[in-house]
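Q: Quick one: structure below, then a few questions.
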Amino acid sequence: MTERRTAMVEGVRRIFPFSLIAGPFGLVYGATAVDRGIDDIPAILASVAILAGASQIALVELIDEGASWVIAVATALVINLRFALYSASLAPDFRRFPPAWRFGLGYLLTDQTAVLSIAEYEHRRDPHYQRWFTLGAGLWFVMPWWAGTAAGVLLGGDIPAGWQIGFAVPLMFTALLVPTITSRPKLAAAIAGAAVALATAPLPEGMNIMLGAVAGIAVGTVLAERQAVSS
C-alpha cells in the first residue's frame, strides 16, 4: 500500500503544474463548443470519449464551417497520430502490465501523462510502481479537463471574451520537453522536430505537428545509432 501511494503521489506531484492549464483549457473548449452550436451533452461527452483538446477544438471549428464528417474525423485522426508514437515508446513497459491496466491507462494517456511516464520509466523499472505512477498522473490531469469542459458548457457566453490561454499551451509543451533532453541525439531530435513543425505551419491543422514528430524521430534515431557505433 505504501509503495502504491508513493507512486501515485509522485505521479500527481509531477503532473500538477500541467494540470493547472487543463481546467482553463477545458473551459475555453466547452464555451467554444456551445458558441458554435454544439449541444451541451455531446460537447461534454466529447471530452470523455475523445480526451484530446487539440482535436476536439479542430472538430468544433470544422463542424461550424460545415465540413463533412469524413473531413472532420480525418483531421482529428491526423492530429492524434502523435499518440501512436507515445504508444510505441511505452509499449515495452505496458506489455508487463495486466490487460485491464494496459487498456485503462491507454485511455488516460494525454501528451502530458505520456511524456512524464516515458521519462519516469527510464529509471523506475518496477512495473507495479510504473502503473500506479501513470494512474496518479493521468487521473489528476483529466479531472480538471472534464471539470473545465463542463464549466465552459454551462457558463457559455458568460465567459469573458478576453480569457485566452493560447500562450499557455506552447509554454506547457516546452516545459514538458526540456526535462527529456538528456543527450545530444535527443537535443538534435527536438531541434529538428521544432524546425520542421514551424516550417510546415501553413499546412492543414495538425499536419505540421506530425511531420515535425517524424523528423525528430528520424534525426534522433540516426544520431543515436551513430553514437552507439562510435562508443
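Naming scheme: A, B, ... for chains in displayed order of the C-alpha cells; residues 1 onward per chain; ligands 1 onward as shown.
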At a cut-off of 12 Å, using only C-alpha atoms, what residues contact stretch 98-102 of chain A? Leave out same-chain residues fewer than 2 positions from it and give the result as a list of chain:residue names.
A: A:Ser87, A:Leu90, A:Ala91, A:Pro92, A:Asp93, A:Phe94, A:Arg95, A:Arg96, A:Gly104, A:Leu105, A:Gly106, A:Tyr107, A:Leu108, A:Leu109, A:Pro127, A:His128, A:Gln130, A:Arg131, A:Trp132, A:Thr134, A:Leu135
Q: Enumerate the residues of stretch 19-213 of chain A with a DSSP assignment of helix (DSSP H, G or I), computed from the backbone, and present them as an MDAnalysis selection string.
A: chainID A and resid 19:35 40:49 53:64 69:79 82:94 99:108 111:121 127:158 168:180 184:199 207:213
Q: Fewer than 3 positions away in the same chain doesn't count, so skip those; otherwise give me all residues within 12 Å of A:Leu62, counting only C-alpha atoms, as an mmCIF file with N, CA, C and O atoms, in the first residue's frame.
A:
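The resulting file, result07.cif, is reproduced below:
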data_model
loop_
_atom_site.group_PDB
_atom_site.id
_atom_site.type_symbol
_atom_site.label_atom_id
_atom_site.label_comp_id
_atom_site.auth_asym_id
_atom_site.auth_seq_id
_atom_site.Cartn_x
_atom_site.Cartn_y
_atom_site.Cartn_z
ATOM 1 N N ALA A 33 -17.430 25.226 -27.909
ATOM 2 C CA ALA A 33 -18.354 24.237 -28.464
ATOM 3 C C ALA A 33 -19.792 24.743 -28.411
ATOM 4 O O ALA A 33 -20.544 24.646 -29.387
ATOM 5 N N ARG A 36 -20.480 27.461 -30.878
ATOM 6 C CA ARG A 36 -20.576 27.002 -32.265
ATOM 7 C C ARG A 36 -21.824 26.163 -32.512
ATOM 8 O O ARG A 36 -21.966 25.564 -33.570
ATOM 9 N N ILE A 38 -22.905 23.421 -30.679
ATOM 10 C CA ILE A 38 -22.894 22.024 -30.225
ATOM 11 C C ILE A 38 -23.754 21.907 -28.978
ATOM 12 O O ILE A 38 -23.661 22.718 -28.056
ATOM 13 N N SER A 55 -7.670 18.137 -30.946
ATOM 14 C CA SER A 55 -8.547 17.553 -31.956
ATOM 15 C C SER A 55 -10.008 17.918 -31.689
ATOM 16 O O SER A 55 -10.794 18.078 -32.625
ATOM 17 N N GLN A 56 -10.392 18.066 -30.416
ATOM 18 C CA GLN A 56 -11.764 18.457 -30.108
ATOM 19 C C GLN A 56 -12.059 19.863 -30.624
ATOM 20 O O GLN A 56 -13.105 20.112 -31.215
ATOM 21 N N ILE A 57 -11.137 20.777 -30.408
ATOM 22 C CA ILE A 57 -11.333 22.145 -30.895
ATOM 23 C C ILE A 57 -11.369 22.170 -32.421
ATOM 24 O O ILE A 57 -12.169 22.873 -33.034
ATOM 25 N N ALA A 58 -10.494 21.365 -33.041
ATOM 26 C CA ALA A 58 -10.495 21.291 -34.507
ATOM 27 C C ALA A 58 -11.830 20.759 -35.021
ATOM 28 O O ALA A 58 -12.382 21.267 -36.008
ATOM 29 N N LEU A 59 -12.377 19.742 -34.364
ATOM 30 C CA LEU A 59 -13.671 19.189 -34.764
ATOM 31 C C LEU A 59 -14.775 20.233 -34.664
ATOM 32 O O LEU A 59 -15.615 20.365 -35.564
ATOM 33 N N GLU A 65 -17.848 25.175 -39.652
ATOM 34 C CA GLU A 65 -17.617 25.610 -41.029
ATOM 35 C C GLU A 65 -18.380 24.771 -42.041
ATOM 36 O O GLU A 65 -18.306 25.017 -43.252
ATOM 37 N N GLY A 66 -19.105 23.765 -41.578
ATOM 38 C CA GLY A 66 -19.902 22.937 -42.469
ATOM 39 C C GLY A 66 -19.136 21.828 -43.154
ATOM 40 O O GLY A 66 -19.609 21.279 -44.155
ATOM 41 N N ALA A 67 -17.967 21.456 -42.620
ATOM 42 C CA ALA A 67 -17.183 20.380 -43.230
ATOM 43 C C ALA A 67 -17.905 19.044 -43.070
ATOM 44 O O ALA A 67 -18.672 18.835 -42.129
ATOM 45 N N SER A 68 -17.663 18.129 -43.995
ATOM 46 C CA SER A 68 -18.272 16.800 -43.908
ATOM 47 C C SER A 68 -17.677 16.042 -42.729
ATOM 48 O O SER A 68 -16.576 16.336 -42.268
ATOM 49 N N TRP A 69 -18.407 15.027 -42.266
ATOM 50 C CA TRP A 69 -17.919 14.251 -41.131
ATOM 51 C C TRP A 69 -16.638 13.509 -41.480
ATOM 52 O O TRP A 69 -15.786 13.280 -40.612
ATOM 53 N N VAL A 70 -16.459 13.146 -42.757
ATOM 54 C CA VAL A 70 -15.236 12.450 -43.171
ATOM 55 C C VAL A 70 -14.023 13.356 -42.973
ATOM 56 O O VAL A 70 -12.986 12.933 -42.428
ATOM 57 N N ILE A 71 -14.143 14.604 -43.421
ATOM 58 C CA ILE A 71 -13.039 15.560 -43.260
ATOM 59 C C ILE A 71 -12.780 15.828 -41.784
ATOM 60 O O ILE A 71 -11.625 15.882 -41.336
ATOM 61 N N ALA A 72 -13.842 15.992 -41.008
ATOM 62 C CA ALA A 72 -13.697 16.295 -39.581
ATOM 63 C C ALA A 72 -12.993 15.161 -38.848
ATOM 64 O O ALA A 72 -12.041 15.389 -38.089
ATOM 65 N N VAL A 73 -13.434 13.932 -39.086
ATOM 66 C CA VAL A 73 -12.836 12.778 -38.411
ATOM 67 C C VAL A 73 -11.399 12.568 -38.873
ATOM 68 O O VAL A 73 -10.500 12.282 -38.066
ATOM 69 N N ALA A 74 -11.151 12.713 -40.176
ATOM 70 C CA ALA A 74 -9.791 12.535 -40.702
ATOM 71 C C ALA A 74 -8.838 13.556 -40.097
ATOM 72 O O ALA A 74 -7.693 13.225 -39.744
ATOM 73 N N THR A 75 -9.287 14.793 -39.968
ATOM 74 C CA THR A 75 -8.443 15.829 -39.364
ATOM 75 C C THR A 75 -8.112 15.490 -37.921
ATOM 76 O O THR A 75 -6.954 15.613 -37.484
ATOM 77 N N ALA A 76 -9.117 15.046 -37.167
ATOM 78 C CA ALA A 76 -8.884 14.674 -35.770
ATOM 79 C C ALA A 76 -7.905 13.512 -35.663
ATOM 80 O O ALA A 76 -7.036 13.492 -34.777
ATOM 81 N N PRO A 204 -2.482 22.159 -43.439
ATOM 82 C CA PRO A 204 -3.730 21.995 -42.693
ATOM 83 C C PRO A 204 -3.468 21.612 -41.246
ATOM 84 O O PRO A 204 -2.464 20.950 -40.940
ATOM 85 N N GLU A 205 -4.380 21.983 -40.399
ATOM 86 C CA GLU A 205 -4.202 21.864 -38.956
ATOM 87 C C GLU A 205 -3.778 20.462 -38.527
ATOM 88 O O GLU A 205 -4.414 19.464 -38.833
#
Q: Rank nothing, just name the residue among A:Ala197, A:Val142, A:Ala192, A:Ala151 nearest to A:Ala22, using only C-alpha atoms.
A: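 Closest to A:Ala22, using only C-alpha atoms: A:Val142.
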Q: Would you list the contacts of A:Thr110 as number ranges by chain, taking every protein, DNA or RNA residue within 10 Å and counting only C-alpha atoms, but skipping same-chain residues closer than 3 positions in sequence?
A: A: 51-53, 83, 86, 105-107, 113-116, 137-138, 141-142
Q: I need the residue nearest A:Ile21 from this list: A:Val229, A:Ile41, A:Met143, A:Leu77. Use only C-alpha atoms for the distance.
A: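 Using only C-alpha atoms, A:Ile21 sits closest to A:Met143.
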Q: Just the number, please: distance in Å from atom CA of A:Leu187 to atom CA of A:Glu122, one decimal.
A: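 Pair atom CA of A:Leu187 / atom CA of A:Glu122 returns 17.1 Å.
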Q: So the first atom is atom CA of A:Pro17 and the second is atom CA of A:Ala195; what is the distance between them in Å, to one decimal place?
A: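 Answer for the atom CA of A:Pro17 to atom CA of A:Ala195 separation: 26.4 Å.
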Q: What's the 8 Å shell around stretch 210-223 of chain A, counting only C-alpha atoms, without same-chain residues fewer than 5 positions away, as an mmCIF file with C-alpha atoms, in the first residue's frame?
A:
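Written out: result.cif:
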data_model
loop_
_atom_site.group_PDB
_atom_site.id
_atom_site.type_symbol
_atom_site.label_atom_id
_atom_site.label_comp_id
_atom_site.auth_asym_id
_atom_site.auth_seq_id
_atom_site.Cartn_x
_atom_site.Cartn_y
_atom_site.Cartn_z
ATOM 1 C CA VAL A 78 -4.165 13.197 -38.135
ATOM 2 C CA ILE A 79 -3.837 15.497 -35.133
ATOM 3 C CA LEU A 81 -1.383 10.394 -34.713
ATOM 4 C CA ARG A 82 1.247 11.528 -32.207
ATOM 5 C CA PRO A 185 20.642 12.883 -30.092
ATOM 6 C CA LYS A 186 17.589 13.979 -28.082
ATOM 7 C CA ALA A 188 19.068 17.259 -32.130
ATOM 8 C CA ALA A 189 15.706 15.498 -32.405
ATOM 9 C CA ALA A 190 13.986 18.319 -30.523
ATOM 10 C CA ILE A 191 15.577 20.993 -32.705
ATOM 11 C CA ALA A 192 14.789 19.121 -35.938
ATOM 12 C CA GLY A 193 11.203 18.468 -34.899
ATOM 13 C CA ALA A 194 10.613 22.082 -33.904
ATOM 14 C CA ALA A 195 12.202 23.400 -37.113
ATOM 15 C CA VAL A 196 10.077 21.166 -39.359
ATOM 16 C CA ALA A 197 6.891 21.919 -37.403
ATOM 17 C CA THR A 200 5.326 23.486 -42.280
#
Q: Could you check how far atom CA of A:Leu155 sits from atom CA of A:Ala31, in Å to one decimal?
A: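 Spanning atom CA of A:Leu155 to atom CA of A:Ala31 is a straight-line distance of 7.0 Å.
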Q: Considering only C-alpha atoms, state which residue in the set A:Glu120, A:Asp39, A:Glu225, A:Asp126 is at the smallest distance from A:Val60.
A: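 Among the listed residues, A:Asp39 lies closest to A:Val60.
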Q: Which residues come within 10 Å of A:Leu45, counting only C-alpha atoms, excluding same-chain residues fewer than 5 positions away, as a PyMOL selection string?
A: chain A and resi 40+50-51+146+149-150
